[in-house]
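Following: one structure in structure tokens, then a few remarks.
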Amino acid sequence: MDNQELRHHYHLFPRQIGEIALQNNVEELHLSFTQGNWRQGSWGYPPVSSQGVGAEVFAWISGATQEESLDKWKGLTNALSGVFCASLNFIGDDNTSMPQLAFNTSTRGKRSSSSVPGRRGVLRHGFLPRENVCTENLTPWVKQLPCQAKSGLGVLLNPHRLYNMDFHSMGISLAPAVSAADDGQTGLVYKQHVTVVLNPRTFGLDRNWTLGELMDRGVDAACPVATSSTVRVVMPESETRVLPTPMRKETLGGQETYVYDIQKQNASEIRFEFADSTNKKEAQQRLPLVEAHRHVNGHGGGISGGIETLIINRSNQPVDVTYSDTLPWYLRVYLHTLAIEAVNPDGDIFKQHPTQMIFTPAIDRGRPSTIELAVTLPANTRTTLRYDFDKGFIKYTEHPPDANRGFNIGPAIISYRPDTDGSGIDQPLFCALQSSHPNAYFECKVRVYTELFLASLPTPDFSMPYNVITFTCTVLALFFGRIFNLLTRDFAVLKGSD
Amino acid sequence: MSLVLSGQGEKTSPILKLSRKYSAYLCYPLAVCGIIWLLLLPMQSCFSRNAYFSENAMMPGQVKSKFGTIKHVAATSMVDAALEAERAKGSNETVSGMRATALHDVFEKIGLESEIQRFTFDEVRGIGRTEGRNVHGILRAPRSDAVETLLVAASWTTSDGNTNINAVRLMAGLAKFFSEQTYWAKDVVFVVTDSGERGIEAWLKAYHGVSTAAPIYVRGGIIQAALSLELPPAAKYAGLGVFFEGKSGELPNLDFVNIVQRIAQIERIPAYLHGMQDPPAHESSLATRYMHSAHLLLRQVRSQAIGVTVGVHAPFLRYRIDALTISGIVPPRDPVALQSKNDGNSRHPLVALEPEMLAQATVRALGRTIESTMRSLNNLLEHFHQSFFFYILPANRRYISIGDYIPAAGLMVASLLVQAMHLWWMQGSDDMRSSDPRTRIERMNKYYSFLRRTLPNGFGIILRIHALGALLLVIPFIVPQAVLTHSTSTAYVFTMALASISMVLHVSDIYWAPKNSGLVDWRQLKALVEVYVAVTLACLSVMNFSLAVVMFGISGLPLLLTRMYNYTTRAHRVANLALLLATSPICILALSRTALLGLSPLDFTSSSFRVFLEDFHHFSNLMYPLLCLVYWPVNLLCMVVTLIP
């Protein structure tokens, strides 16, 4: 679809999103809301590429000038804020970064030919680490679906079950694609995703349950306007039975997958039977190549601290990763303290140097600092990346509510291409799924989001100004009363009656 | 200079006139008032107020506690099973290594992310290298952002050397129970160390990235509160003791102490401060209650000032983590406790004969107390910031706030300052102090020449004596062999004491020579030392009130009483020296051995100096530098003041 034609195709494409995208010159847009940490060490690759806790928006926006595209970016976040009932309007100058490495899809390598032609827009990235996801965000998200929650798989989205979870992520994306006819025409592909990790035990289900029981909803029919509606079950390697037998089986990223066509089968009837014990050792084989954790050094009382990111490379080969960290201006980073050390299982320590480094220093109340590094992780190592910061003093009105909790600082993002050998076997699921839609500009790049951390800044005694105000007001009131009385009253000597 | 001049009768502001007139009589009443204020603190109705919860978000005891089904209690035996399995393996690991591996297995089995930390530490820098193992397991809270963490800690041995296996067992039971709950908003970390406070310190250093010597990789967010457990072998407990003082007198938030006491009361296993039950309110006399409170306060003073702590909570407080220890009180004639005592050393160090677990009812009550406390802490939206961080607790569920006890310290400091002021005015000869305007120029000349003559000598004495103190401080770090063992430390301190006495005799001898007469004025010297001590005490009193009081007792008060007037007879000097020797560091160090280690004051194989040094090395405890740089030199300076003409 051409951008000009887009406005006439609101039959399936949600009009709200389409109009926002057109008005704000959006070339590509990704928005996601996430709650709960994705446990890389036990869950493996995430099914989506965004899993930083909080709300994340990034978009390529074109504009004749930087100012224009910045205006459009602000327009976009404010509009999305209204659509999704989220505080995305708090993405302002001081928490918008312009990363150059982490999201770059046209890097060197095998798939560089798939770089998006004719992209003129600039990438802006905003992250709100304190945003909670709830039903109020889910409802507008469901509204964008063609059948909403009336029929089709949307019916399964039961908020009572979706939010009683270990991990939850939902979002939309709008990405350029070539048309199926291969006539060189480009258009936009709109996608909505929701990911949850549920623990059936929470709902009193044990080893034997159906999808309908798990979500406490039944699907009657597929969405009538859908051309295809499928459920894929990726089979774990341990003893698990899934009933009924699917009409089709395929292999996705090296894993056996059952495919159910909802237009012919009832999705809520799919039954899962787990064996008594799952062998943990076996499950560990599917762990992601790269795992990352970030922690804050130093304790709450100190005025300085440090950031320590641990990146584990499980592969037998070196892996090129990009590290990107955006810190608010009140954490003043000392780049000279940057140290990268890799430790192999034998305990040998290697000093590493970044092959590329882009640093954008912060401007107080104007711009966050962004550190981007390209590092090669040696095979089978734990790499530690450290740098120190000082905590700035901020005005007392700039503290968030519950100031003594501290500031949530958004995650660092580590991105890499997983199939270093090109065989496609150890691909994460979302890459494998993408490959089946070859018309999108897509490069399989995994982004690993680290944990958030809390920065506790020096906190004033908030009751003190209140005390002062109360005291001053009392004194003023008493003083004012007397003076006003004296000024306005007319004193006259009364003649005595005698 | 204007104050100096006005002191010499130059300016006659009425306030200065008055203070000059009465300062001679004011200092001792001020000190007495300060002491009376201190003595009033244990009075029930005087300063103390009833405890209350300042942070309403915690809602202590508002949940129905659920720990204690047979399954949870059974989970406590996982530790024994793992230890047994480890022993059966018969590896040539050390006991602490086997324990660590066993516990690591237990944590993994429960589903926690677990890691073993191997670390080494020196007793004092350069000597006494010891290895240790910490094991920790992190329970990741579902759907949380994992930025905040609560912590449960224990050591394999209690602080009095008993086995703490019960705490580790209970921890396993709690970990199992906690991992089945969905309400956690913060991660929960379980830490077990084999080296007590020093092990926890090593763990905290690694967790906060302070040291990279023994790194840990499985980490969580900021630790908001920590609870340490000490459960000596017994069948059941008479109650719980709550211990809360940090190594340098830091205290956890008062709300934390309060919620633990409140919740324990709800769970019917009462928790007492320092394990001391209050005498019944209506049956006991006022005097009994006063003595009881005084006893409790003295124990707090001991813990705060000297750093004798019970449990492994103390290191946390240095990292701005509110922490306290819950300790089981073993009733007299408890069968399990007696048996464990009898088994004593014959027991295989690992497990085979570990004492029996507590009775099921006690496990349930304890587990529920901890469950409920952790849920209260889980409710915290922010770091503890309400309520008090500076307090003293004269009785269970009562507190004295800083505003009520700090005046005592203020009065003591004031007495020193007032006396210093008086002595400064009184220095030199009488003819410098007349108020005759006609001799003004003459007096000023005299005064300045007096100051120019005496001040350098006064400061010279102070510096020389302090250099000795500095030497005392640094030698153990340069030549650690001097404090290799407790016995050599005692020898070291005695050697330094002899050196100090000779220094004092030498310094005071100089000024008895006729050619040196008038080069030094004892009033000036005493005034200078008093100002210095007063400033130190004033700073200390807001950080660590107990330490300030102790320092006043051993340093300020003798200084105040040194050369109370310009005496000349030998008998006076001897009496004064006797007082100074009685409060000398050697004497007090010997006596503190009783308070610190519970040993006889004459047992020279244990040295409190060495204990202070270790605490300084590991926890930056203030006692050691204060001893070397304030207490020791001030005592010597007092002697100089007594001995010079």
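Residue numbering restarts at 1 for every chain of the structure tokens, chains are lettered A, B, ... in their displayed order, and ligands are numbered from 1 as they appear.
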So that each row is one residue of chain A with an atom at most 6 Å from chain B, can you give its shortest atom pair and the distance in Å to one decimal, using only C-alpha atoms, rows by chain and rising number, as a Markdown table?
```
| residue | atom | partner | partner_atom | distance |
| --- | --- | --- | --- | --- |
| A:Gln35 | CA | B:Arg143 | CA | 5.8 |
| A:Gly36 | CA | B:Arg143 | CA | 3.6 |
| A:Asp166 | CA | B:Pro142 | CA | 4.5 |
| A:Phe167 | CA | B:Arg143 | CA | 5.3 |
| A:Asn297 | CA | B:His208 | CA | 4.8 |
| A:Gly298 | CA | B:His208 | CA | 5.2 |
| A:His299 | CA | B:Tyr319 | CA | 5.8 |
| A:Asp402 | CA | B:Glu382 | CA | 6.0 |
| A:Asn404 | CA | B:Glu382 | CA | 5.2 |
| A:Arg405 | CA | B:Glu382 | CA | 4.0 |
| A:Phe453 | CA | B:Val147 | CA | 5.2 |
| A:Leu454 | CA | B:Val147 | CA | 5.9 |
```
Output of the above residues as a JSON list (two decimals), in the first residue's frame, restricted to C-alpha atoms:
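Just written: out.json:
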```json
[["chain", "number", "residue", "atom", "x", "y", "z"],
["A", 35, "GLN", "CA", 5.55, -5.81, 33.28],
["A", 36, "GLY", "CA", 7.75, -8.36, 35.00],
["A", 166, "ASP", "CA", 4.86, -13.71, 35.89],
["A", 167, "PHE", "CA", 5.53, -11.69, 32.76],
["A", 297, "ASN", "CA", 26.94, -0.40, 42.56],
["A", 298, "GLY", "CA", 27.25, 1.63, 45.72],
["A", 299, "HIS", "CA", 24.51, 1.98, 48.26],
["A", 402, "ASP", "CA", 7.15, 8.28, 46.96],
["A", 404, "ASN", "CA", 12.26, 7.95, 49.14],
["A", 405, "ARG", "CA", 11.86, 4.96, 46.87],
["A", 453, "PHE", "CA", 17.56, -0.23, 38.84],
["A", 454, "LEU", "CA", 16.66, 2.24, 41.52]]
```
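Look at Arg271 (chain A): the protein and nucleic acid residues within 8 Å of it, using only C-alpha atoms and passing over chain neighbours fewer than 2 places away, are Asn208, Trp209, Thr210, Leu211, Val242, Leu243, Pro244, Glu269 and Glu273 of chain A.
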**Item:** Those of region 236-340 of chain A in DSSP helix (DSSP H, G or I), formatted as a PyMOL selection string
**Value:** chain A and resi 267-269+280-286
**Prompt:** CA of Pro456 (chain B) and CA of Leu528 (chain B), how far apart in Å?
**Reply:**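 That distance, rounded to one decimal, is 12.0 Å.
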**Message:** Using Å and a single decimal, report how far CA of Ser179 (chain B) sits from CA of Ala74 (chain B).
**Reply:** 15.1 Å
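Put simply, CA of Glu28 (chain A) is 22.1 Å away from CA of Gly410 (chain A).
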**Prompt:** For Ser607 (chain B), which residue out of B:Ile465, B:Leu139, B:Val531, B:Val493 is the nearest one, using only C-alpha atoms?
**Reply:**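 Of the candidates, the smallest distance to Ser607 (chain B) is held by B:Val493.
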**Request:** Fewer than 6 positions away in the same chain doesn't count, so skip those; otherwise give me all residues within 9 Å of Asn199 (chain A), counting only C-alpha atoms, as a ChimeraX atom specification.
**Result:** /A:164-166,205
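Comparing the minimum interatomic distances between Gln419 (chain B) and each of B:Thr454, B:Thr536, B:Ser372, B:Gln524, counting only C-alpha atoms, we find that B:Gln524 sits nearest.
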**Request:** Find the residues around Phe552 (chain B) up to 8 Å (only C-alpha atoms counted), leave out those fewer than 5 positions away in its own chain, and share them as a list of chain:residue names.
**Result:**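 Here the answer would be B:Met412, B:Leu537, B:Leu557.
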**Asked** Lys247 (chain B): which residues within 8 Å, counting only C-alpha atoms, same-chain residues fewer than 3 positions away excluded, as a VMD selection string?
**Response** chain B and resid 250 303 to 304 306 to 309 314 to 315 615 619 621
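Proximity ranking of B:Leu229, B:Leu561, B:Leu596, B:Ile441 relative to Val301 (chain B) places B:Leu596 first, based on only C-alpha atoms.
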**Asked** Residues at most 12 Å from Ala571 (chain B), counting only C-alpha atoms, excluding those fewer than 5 positions away in the same chain, as a PyMOL selection string?
**Response** chain B and resi 576-578+642-643
**Item:** Polymer residues at most 6 Å from region 390-407 of chain B, only C-alpha atoms, same-chain spacing of 5 or more positions, as a list in words
**Value:**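 Returned residues: Pro42, Ser48, Arg49, Asn50, Ala51, Ser293 and Leu297 of chain B.
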Output of the above residues as a PDB file, in the first residue's frame, restricted to N, CA and C atoms:
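File out.pdb, as written:
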```pdb
ATOM      1  N   PRO B  42      16.049   6.379  82.354  1.00  0.00           N
ATOM      2  CA  PRO B  42      15.311   5.128  82.569  1.00  0.00           C
ATOM      3  C   PRO B  42      13.986   5.305  83.308  1.00  0.00           C
ATOM      4  N   SER B  48      10.179   8.818  78.258  1.00  0.00           N
ATOM      5  CA  SER B  48       9.817   7.808  77.267  1.00  0.00           C
ATOM      6  C   SER B  48       8.352   7.939  76.879  1.00  0.00           C
ATOM      7  N   ARG B  49       8.093   7.569  75.634  1.00  0.00           N
ATOM      8  CA  ARG B  49       6.724   7.609  75.124  1.00  0.00           C
ATOM      9  C   ARG B  49       6.367   6.251  74.548  1.00  0.00           C
ATOM     10  N   ASN B  50       5.078   6.012  74.374  1.00  0.00           N
ATOM     11  CA  ASN B  50       4.650   4.738  73.809  1.00  0.00           C
ATOM     12  C   ASN B  50       5.001   4.648  72.336  1.00  0.00           C
ATOM     13  N   ALA B  51       5.411   3.461  71.923  1.00  0.00           N
ATOM     14  CA  ALA B  51       5.766   3.260  70.525  1.00  0.00           C
ATOM     15  C   ALA B  51       4.509   3.327  69.656  1.00  0.00           C
ATOM     16  N   SER B 293      15.010  -0.850  83.448  1.00  0.00           N
ATOM     17  CA  SER B 293      15.225   0.041  82.306  1.00  0.00           C
ATOM     18  C   SER B 293      16.692   0.426  82.198  1.00  0.00           C
ATOM     19  N   LEU B 297      19.122  -0.118  79.080  1.00  0.00           N
ATOM     20  CA  LEU B 297      19.815   1.001  78.434  1.00  0.00           C
ATOM     21  C   LEU B 297      21.318   0.770  78.431  1.00  0.00           C
TER      22      LEU B 297
END
```
**Prompt:** Which is closer to Glu398 (chain A) than all the others in A:Tyr334, A:Phe203, A:Phe359, A:Phe462, using only C-alpha atoms?
**Reply:**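 Answer, going by the shortest atom-to-atom distance: A:Phe462.
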